[in-house]
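In what follows, a single structure is set out as structure tokens and then discussed.
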Amino acid sequence: MSRPIVAVVGRPNVGKSTLFNALAGQQISIVKDTPGVTRDRIYADITWLDMQFTLVDTGGIEPESKDLILSRMRQQAEIAIETADVIIFLTDVRQGLVDADFKVADMLRKSGKPIVLAVNKVDNFDKFLMDTYEFYNLGLGDPMPISAASRLGIGDMLDEVAKYFDKDAVAEEEDERPKIAVVGKPNVGKSSLINKLVGEERVIVSNIAGTTRDAVDTPVKYNGREYVFIDTAGLRRKNKIKEELERYSIIRTVSAVEKADVVVLMIDAVEGVTEQDAKIAGIAHERGKGMIIAVNKWDAIEKDDKTIYKFTDEIREKLAFMPYAELIFISALTGQRIQKLFDVIDAVIENHSMRIGTGVLNEILSEAVAMKQPPSDKGKRLRLYYITQVSVKPPTFVIFINDKELTHFSYTRYIENRIREAFGFRGTPLHFIYRERKEKDQ
């Protein structure tokens, strides 16, 4: 089930980032060793009680600013509003109700989305509670007093947010059609690919970057099987948009990836792999999605007998954190290898949902340990007792061991490689979880 998306919206300096960091907790400060995974994060996966959602931070909205940066931030906040299932409208009790709050409220009302009005910086309820009443004038219902810095009132606010989550989403998720997100930079050919698959002009195509404004779901039937393709607005290059603003255009990609089973990352053969491509790939990798890299505009490349190997090596090197990703060279313009794409999608879907029996897994684990000793530290060696698969999409394994402190990512990679040698799992990441079991438990 995909997570609901909650956007935090408001004027500059009302405490949006403070609230975001308070809710995201440690997640926001995790530094990944994975190349290409964005560290300047404006979204985070949040768990509140038994609910999970994706929180999106936005730039402060200056409703009528002529300043280029602020107007761009307003545009990106509008993208977040469009994408969100619920909006937290954050205001500031210390500054009181100002004219810009009314303008933001009008913008939010037009979106038709559920809005939770939160009044921030209420660090002392006895002192500031009366001051929150003036925010009733916004006509958005009961203002909820909170302090993001002191973490006061946040639980009540989240309870209110959760009331708007779609309780029928589970029923919608019973749609068994595979969902494929087509992602990539602007003008790389995402809409052209979907039009070629559908056989008609379903999505507006233009060489103006960013023509596709909304994520569009398009059903496509092939060989009797129906798929749903999700087209997204691309991510802009850094030289096209200020670095501070570029990060907001990730929102739509996150939303599309969240809904998808398989992600097709389109790369421009003429440009090669860019930092933006690695960033998008990192989003899909983190979320454990099936992954296909489609190198588009392959017809525009002058080729010899070594070209495809050179391209393959470059992609594998720059996206080294996802060696499992399937690779296909296509032309959305001419239709070259488009039909082959469906075969690759089917294979990735199958691998993403594959289950392996516990007995077979433990045979592989025993052989792996016999061939290469686990790491040790100060005379104590890691012992691997048992492995079992606990879930799919992506395939996730639990390994019972004697001491988590002795684990090392290189040995996990070794175990992963042995499992892949036996079962393939091409196109899907594998997740490993370690559980400690004391010697006396054996």
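Following the order of the structure tokens, first chain is A, next is B, and so on, with residues numbered from 1 inside each chain and ligands from 1 in the order they appear.
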(request) Run DSSP on the backbone and give me the residues of range 222-382 of chain A it puts in strand (DSSP E), as an MDAnalysis selection string. (result) chainID A and resid 222 225:231 262:268 290:296 326:329 376:377 380:381
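For range 424-435 of chain A, the non-local neighbours within 7 Å, defined as residues at least 2 positions apart in the same chain or in other chains and counting only C-alpha atoms, are A:Gly288, A:Lys289, A:Gly290, A:Met291, A:Ile292, A:Tyr324, A:Ala325, A:Glu326, A:Val348, A:Asn351, A:His352, A:Pro394, A:Pro395, A:Thr396, A:Phe397, A:Val398, A:Ile399, A:Phe400, A:Ile401, A:Lys404, A:Arg420, A:Glu421, A:Ala422, A:Arg437.
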Sorted by chain and rising residue number, list the residues of range 96-203 of chain A at most 6 Å from range 259-277 of chain A (counting only C-alpha atoms), each with its closest atom pair and distance in Å to one decimal, as a Markdown table.
```
| residue | atom | partner | partner_atom | distance |
| --- | --- | --- | --- | --- |
| A:Lys179 | CA | A:Ala260 | CA | 4.8 |
| A:Ile180 | CA | A:Val262 | CA | 4.9 |
| A:Ala181 | CA | A:Val263 | CA | 4.8 |
| A:Val182 | CA | A:Val264 | CA | 4.9 |
| A:Val183 | CA | A:Leu265 | CA | 5.1 |
| A:Gly184 | CA | A:Met266 | CA | 5.2 |
| A:Val188 | CA | A:Asp268 | CA | 5.6 |
```
(message) Applying 10 Å and only C-alpha atoms, which residues near Glu134 in chain A remain after dropping the ones on its own chain fewer than 2 positions away? List them as JSON, numbers by chain.
(response) {"A": [93, 96, 97, 130, 131, 132, 136, 137, 138, 143]}
Okay, now the selection with C-alpha atoms, as a compact mmCIF listing (two decimals), in the first residue's frame?
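Here's the written file part.txt:
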```txt
# COMPACT_ATOMS: atom_id res chain seq x y z
CA VAL A 93 1.49 32.68 17.04
CA GLY A 96 0.06 36.73 14.77
CA LEU A 97 -2.31 36.59 11.82
CA MET A 130 -5.74 32.73 23.81
CA ASP A 131 -3.62 34.17 20.95
CA THR A 132 -4.38 31.16 18.75
CA TYR A 136 -10.27 31.12 13.40
CA ASN A 137 -10.55 34.14 11.09
CA LEU A 138 -8.87 32.13 8.34
CA PRO A 143 -6.43 26.05 14.91
```
